[in-house]
$ cat input12.cif   # mmCIF, C-alpha atoms
data_entry
#
loop_
_atom_site.group_PDB
_atom_site.id
_atom_site.type_symbol
_atom_site.label_atom_id
_atom_site.label_comp_id
_atom_site.auth_asym_id
_atom_site.auth_seq_id
_atom_site.Cartn_x
_atom_site.Cartn_y
_atom_site.Cartn_z
ATOM 1 C CA MET C 193 21.169 1.633 -6.597
ATOM 2 C CA ARG C 194 21.651 1.449 -10.338
ATOM 3 C CA GLN C 195 19.346 3.028 -12.874
ATOM 4 C CA VAL C 196 18.822 1.227 -16.174
ATOM 5 C CA SER C 197 16.631 2.301 -19.069
ATOM 6 C CA LEU C 198 13.732 0.032 -19.938
ATOM 7 C CA ARG C 199 14.987 -0.089 -23.516
ATOM 8 C CA GLU C 200 18.428 -1.312 -22.462
ATOM 9 C CA PHE C 201 16.905 -3.870 -20.112
ATOM 10 C CA ARG C 202 14.620 -5.215 -22.857
ATOM 11 C CA THR C 203 17.451 -5.579 -25.350
ATOM 12 C CA ARG C 204 20.295 -6.669 -23.043
ATOM 13 C CA GLY C 205 18.508 -7.947 -19.915
ATOM 14 C CA ALA C 206 20.837 -10.793 -18.953
ATOM 15 C CA LYS C 207 24.017 -8.767 -19.591
ATOM 16 C CA VAL C 208 22.640 -5.829 -17.613
ATOM 17 C CA LEU C 209 21.920 -8.062 -14.634
ATOM 18 C CA GLU C 210 25.395 -9.625 -14.842
ATOM 19 C CA SER C 211 26.995 -6.159 -14.649
ATOM 20 C CA ILE C 212 25.164 -5.250 -11.422
ATOM 21 C CA PRO C 213 26.765 -6.247 -8.105
ATOM 22 C CA LYS C 214 24.941 -9.021 -6.248
ATOM 23 C CA GLY C 215 22.333 -7.669 -3.862
ATOM 24 C CA GLU C 216 21.993 -4.228 -5.453
ATOM 25 C CA THR C 217 18.558 -2.810 -6.260
ATOM 26 C CA VAL C 218 17.939 -1.671 -9.839
ATOM 27 C CA LEU C 219 15.625 1.137 -10.897
ATOM 28 C CA LEU C 220 14.199 0.645 -14.393
ATOM 29 C CA ALA C 221 13.310 3.975 -15.957
ATOM 30 C CA GLY C 222 11.299 4.737 -19.071
ATOM 31 C CA GLN C 223 10.782 7.943 -21.000
ATOM 32 C CA GLN C 224 8.302 9.197 -18.416
ATOM 33 C CA GLY C 225 10.677 8.510 -15.505
ATOM 34 C CA PRO C 226 11.050 5.662 -12.992
ATOM 35 C CA ALA C 227 8.861 2.681 -13.774
ATOM 36 C CA TYR C 228 9.979 -0.419 -11.811
ATOM 37 C CA PHE C 229 12.322 -1.580 -9.088
ATOM 38 C CA LEU C 230 14.179 -4.860 -9.382
ATOM 39 C CA ILE C 231 14.806 -5.935 -5.825
ATOM 40 C CA PRO C 232 17.170 -8.822 -5.069
ATOM 41 C CA VAL C 233 15.791 -11.749 -3.118
ATOM 42 C CA VAL C 234 17.915 -12.366 -0.061
ATOM 43 C CA GLY C 235 17.005 -14.537 2.896
ATOM 44 C CA ASP C 236 13.384 -15.273 3.716
ATOM 45 C CA VAL C 237 11.462 -14.605 0.507
ATOM 46 C CA VAL C 238 8.053 -14.818 2.203
ATOM 47 C CA THR C 239 8.933 -12.178 4.803
ATOM 48 C CA GLU C 240 10.468 -9.852 2.237
ATOM 49 C CA ASP C 241 7.459 -10.234 -0.065
ATOM 50 C CA ARG C 242 5.117 -9.461 2.833
ATOM 51 C CA GLU C 243 7.116 -6.345 3.764
ATOM 52 C CA LEU C 244 7.170 -5.146 0.152
ATOM 53 C CA ARG C 245 3.423 -5.663 -0.232
ATOM 54 C CA ARG C 246 2.817 -3.818 3.049
ATOM 55 C CA ALA C 247 4.925 -0.862 1.869
ATOM 56 C CA MET C 248 3.049 -0.782 -1.445
ATOM 57 C CA ALA C 249 -0.309 -0.908 0.366
ATOM 58 C CA LYS C 250 0.723 1.955 2.664
ATOM 59 C CA ALA C 251 1.751 4.062 -0.332
ATOM 60 C CA SER C 252 -1.595 3.354 -1.996
ATOM 61 C CA LEU C 253 -3.481 4.287 1.186
ATOM 62 C CA ARG C 254 -1.545 7.537 1.513
ATOM 63 C CA LYS C 255 -2.491 8.409 -2.058
ATOM 64 C CA GLY C 256 -6.145 7.577 -1.384
ATOM 65 C CA TRP C 257 -6.170 9.642 1.799
ATOM 66 C CA SER C 258 -4.647 12.562 -0.062
ATOM 67 C CA LEU C 259 -7.307 12.341 -2.780
ATOM 68 C CA ALA C 260 -10.064 12.094 -0.164
ATOM 69 C CA LYS C 261 -8.724 15.131 1.664
ATOM 70 C CA SER C 262 -8.530 17.195 -1.514
ATOM 71 C CA ALA C 263 -12.161 16.243 -2.270
ATOM 72 C CA GLY C 264 -13.259 17.154 1.273
ATOM 73 C CA LEU C 265 -14.118 13.570 2.152
ATOM 74 C CA ASP C 266 -11.628 13.105 4.975
ATOM 75 C CA ALA C 267 -13.956 14.190 7.778
ATOM 76 C CA ILE C 268 -17.103 12.149 7.193
ATOM 77 C CA SER C 269 -18.572 10.177 10.090
ATOM 78 C CA ASP C 270 -19.087 6.433 10.368
ATOM 79 C CA GLU C 271 -22.826 6.987 9.989
ATOM 80 C CA GLU C 272 -22.303 8.874 6.719
ATOM 81 C CA ILE C 273 -20.080 6.070 5.446
ATOM 82 C CA ASP C 274 -22.697 3.470 6.416
ATOM 83 C CA ARG C 275 -25.456 5.449 4.666
ATOM 84 C CA GLU C 276 -23.333 5.698 1.507
ATOM 85 C CA ILE C 277 -22.667 1.939 1.578
ATOM 86 C CA ALA C 278 -26.382 1.256 2.082
ATOM 87 C CA VAL C 279 -27.270 3.424 -0.926
ATOM 88 C CA VAL C 280 -24.781 1.605 -3.157
ATOM 89 C CA ARG C 281 -25.919 -1.825 -1.960
ATOM 90 C CA SER C 282 -29.531 -0.848 -2.499
ATOM 91 C CA ALA C 283 -28.754 0.311 -6.023
ATOM 92 C CA ARG C 284 -27.079 -3.022 -6.718
ATOM 93 C CA GLY C 285 -30.196 -4.831 -5.583
ATOM 94 C CA ASN C 286 -28.723 -6.531 -2.529
ATOM 95 C CA ALA C 287 -31.524 -7.811 -0.315
ATOM 96 C CA LYS C 288 -29.486 -7.648 2.875
ATOM 97 C CA VAL C 289 -28.653 -4.031 3.591
ATOM 98 C CA ARG C 290 -27.490 -3.556 7.136
ATOM 99 C CA VAL C 291 -26.827 -0.130 8.567
ATOM 100 C CA ARG C 292 -24.913 -0.045 11.811
ATOM 101 C CA THR C 293 -26.715 1.389 14.785
ATOM 102 C CA ALA C 294 -25.140 3.856 17.187
ATOM 103 C CA SER C 295 -24.474 1.035 19.690
ATOM 104 C CA LYS C 296 -22.246 -0.803 17.172
ATOM 105 C CA LYS C 297 -19.826 1.988 16.325
ATOM 106 C CA ARG C 298 -16.381 1.230 14.977
ATOM 107 C CA LYS C 299 -13.500 1.521 17.344
ATOM 108 C CA PRO C 300 -11.332 4.592 16.701
ATOM 109 C CA LYS C 301 -7.946 3.923 15.169
#

$ encode --input "input12.cif" --output "structure tokens"
Amino acid sequence: MRQVSLREFRTRGAKVLESIPKGETVLLAGQQGPAYFLIPVVGDVVTEDRELRRAMAKASLRKGWSLAKSAGLDAISDEEIDREIAVVRSARGNAKVRVRTASKKRKPK
């Protein structure tokens, strides 16, 4: 993987890409560190896009879970979640506020 500064890529983008071997991933880095990946498209674009989006979603979830854990919100029950949702919906003025009953619990993951 090659690392290229954002400044160099902005000023010499086409030449930079020509100098990189076909199929190699490029890391664009700014003054604050890594900023973007340029990933070559090879084969089935739809499948690769789906896999990339899935990886990005997983990274975002991991970050959210970490933040929830640090705030002590990682051990709340389904009922507590439903009550919180009901409060927010009520505050928004939604007429239909449904709170799940104990018989309609979510399946554990």

$ residues_near_point --input "input12.cif" --point "(-5.2, 11.4, 3.1)" --cutoff "12 Å" --atoms "all atoms listed in the file" --output "list in words"
Lys250, Ala251, Ser252, Leu253, Arg254, Lys255, Gly256, Trp257, Ser258, Leu259, Ala260, Lys261, Ser262, Ala263, Gly264, Leu265, Asp266 and Ala267 of chain C

$ write_last_selection --input "input12.cif" --atoms "C-alpha atoms" --output "PDB file, in the coordinates of the input"
ATOM      1  CA  LYS C 250       0.723   1.955   2.664  1.00  0.00           C
ATOM      2  CA  ALA C 251       1.751   4.062  -0.332  1.00  0.00           C
ATOM      3  CA  SER C 252      -1.595   3.354  -1.996  1.00  0.00           C
ATOM      4  CA  LEU C 253      -3.481   4.287   1.186  1.00  0.00           C
ATOM      5  CA  ARG C 254      -1.545   7.537   1.513  1.00  0.00           C
ATOM      6  CA  LYS C 255      -2.491   8.409  -2.058  1.00  0.00           C
ATOM      7  CA  GLY C 256      -6.145   7.577  -1.384  1.00  0.00           C
ATOM      8  CA  TRP C 257      -6.170   9.642   1.799  1.00  0.00           C
ATOM      9  CA  SER C 258      -4.647  12.562  -0.062  1.00  0.00           C
ATOM     10  CA  LEU C 259      -7.307  12.341  -2.780  1.00  0.00           C
ATOM     11  CA  ALA C 260     -10.064  12.094  -0.164  1.00  0.00           C
ATOM     12  CA  LYS C 261      -8.724  15.131   1.664  1.00  0.00           C
ATOM     13  CA  SER C 262      -8.530  17.195  -1.514  1.00  0.00           C
ATOM     14  CA  ALA C 263     -12.161  16.243  -2.270  1.00  0.00           C
ATOM     15  CA  GLY C 264     -13.259  17.154   1.273  1.00  0.00           C
ATOM     16  CA  LEU C 265     -14.118  13.570   2.152  1.00  0.00           C
ATOM     17  CA  ASP C 266     -11.628  13.105   4.975  1.00  0.00           C
ATOM     18  CA  ALA C 267     -13.956  14.190   7.778  1.00  0.00           C
TER      19      ALA C 267
END

$ residues_around --input "input12.cif" --residues "Val233 (chain C)" --least-positions-apart "5" --cutoff "12 Å" --atoms "only C-alpha atoms" --output "PyMOL selection string"
chain C and resi 214-217+238-241+244

$ axis_aligned_box --input "input12.cif" --around "region 262-280 of chain C" --padding-each-side "5 Å" --output "AutoDock Vina command-line options"
--center_x -17.9 --center_y 9.2 --center_z 3.6 --size_x 28.7 --size_y 25.9 --size_z 23.5

$ resolve_selection --input "input12.cif" --expression "the PyMOL selection byres ((chain C and resi 219-225) around 7)" --output "list of chain:residue names"
C:Arg194, C:Gln195, C:Val196, C:Ser197, C:Leu198, C:Thr217, C:Val218, C:Pro226, C:Ala227, C:Tyr228, C:Phe229, C:Leu230

$ closest_residue --input "input12.cif" --among "C:Pro232, C:Ile273, C:Arg199, C:Ile268" --to "Ile212 (chain C)" --atoms "all atoms listed in the file"
C:Pro232

$ atom_distance --input "input12.cif" --atom1 "CA of Pro213 (chain C)" --atom2 "CA of Met193 (chain C)"
9.8 Å

$ atom_distance --input "input12.cif" --atom1 "CA of Gly235 (chain C)" --atom2 "CA of Gly205 (chain C)"
23.8 Å

$ build_atoms --input "input12.cif" --residues "region 273-284 of chain C" --atoms "N, CA and C atoms" --output "mmCIF file, in the coordinates of the input"
data_model
loop_
_atom_site.group_PDB
_atom_site.id
_atom_site.type_symbol
_atom_site.label_atom_id
_atom_site.label_comp_id
_atom_site.auth_asym_id
_atom_site.auth_seq_id
_atom_site.Cartn_x
_atom_site.Cartn_y
_atom_site.Cartn_z
ATOM 1 N N ILE C 273 -20.671 7.165 6.231
ATOM 2 C CA ILE C 273 -20.080 6.070 5.446
ATOM 3 C C ILE C 273 -21.076 4.927 5.315
ATOM 4 N N ASP C 274 -21.715 4.562 6.442
ATOM 5 C CA ASP C 274 -22.697 3.470 6.416
ATOM 6 C C ASP C 274 -23.883 3.791 5.514
ATOM 7 N N ARG C 275 -24.342 5.055 5.547
ATOM 8 C CA ARG C 275 -25.456 5.449 4.666
ATOM 9 C C ARG C 275 -25.045 5.338 3.198
ATOM 10 N N GLU C 276 -23.822 5.779 2.887
ATOM 11 C CA GLU C 276 -23.333 5.698 1.507
ATOM 12 C C GLU C 276 -23.251 4.241 1.046
ATOM 13 N N ILE C 277 -22.753 3.367 1.909
ATOM 14 C CA ILE C 277 -22.667 1.939 1.578
ATOM 15 C C ILE C 277 -24.064 1.369 1.358
ATOM 16 N N ALA C 278 -25.008 1.744 2.219
ATOM 17 C CA ALA C 278 -26.382 1.256 2.082
ATOM 18 C C ALA C 278 -26.996 1.690 0.757
ATOM 19 N N VAL C 279 -26.735 2.923 0.348
ATOM 20 C CA VAL C 279 -27.270 3.424 -0.926
ATOM 21 C C VAL C 279 -26.706 2.610 -2.092
ATOM 22 N N VAL C 280 -25.407 2.359 -2.071
ATOM 23 C CA VAL C 280 -24.781 1.605 -3.157
ATOM 24 C C VAL C 280 -25.306 0.174 -3.184
ATOM 25 N N ARG C 281 -25.399 -0.455 -2.011
ATOM 26 C CA ARG C 281 -25.919 -1.825 -1.960
ATOM 27 C C ARG C 281 -27.351 -1.887 -2.444
ATOM 28 N N SER C 282 -28.135 -0.891 -2.075
ATOM 29 C CA SER C 282 -29.531 -0.848 -2.499
ATOM 30 C C SER C 282 -29.619 -0.719 -4.024
ATOM 31 N N ALA C 283 -28.765 0.125 -4.570
ATOM 32 C CA ALA C 283 -28.754 0.311 -6.023
ATOM 33 C C ALA C 283 -28.343 -0.965 -6.746
ATOM 34 N N ARG C 284 -27.505 -1.755 -6.114
ATOM 35 C CA ARG C 284 -27.079 -3.022 -6.718
ATOM 36 C C ARG C 284 -28.144 -4.095 -6.596
#
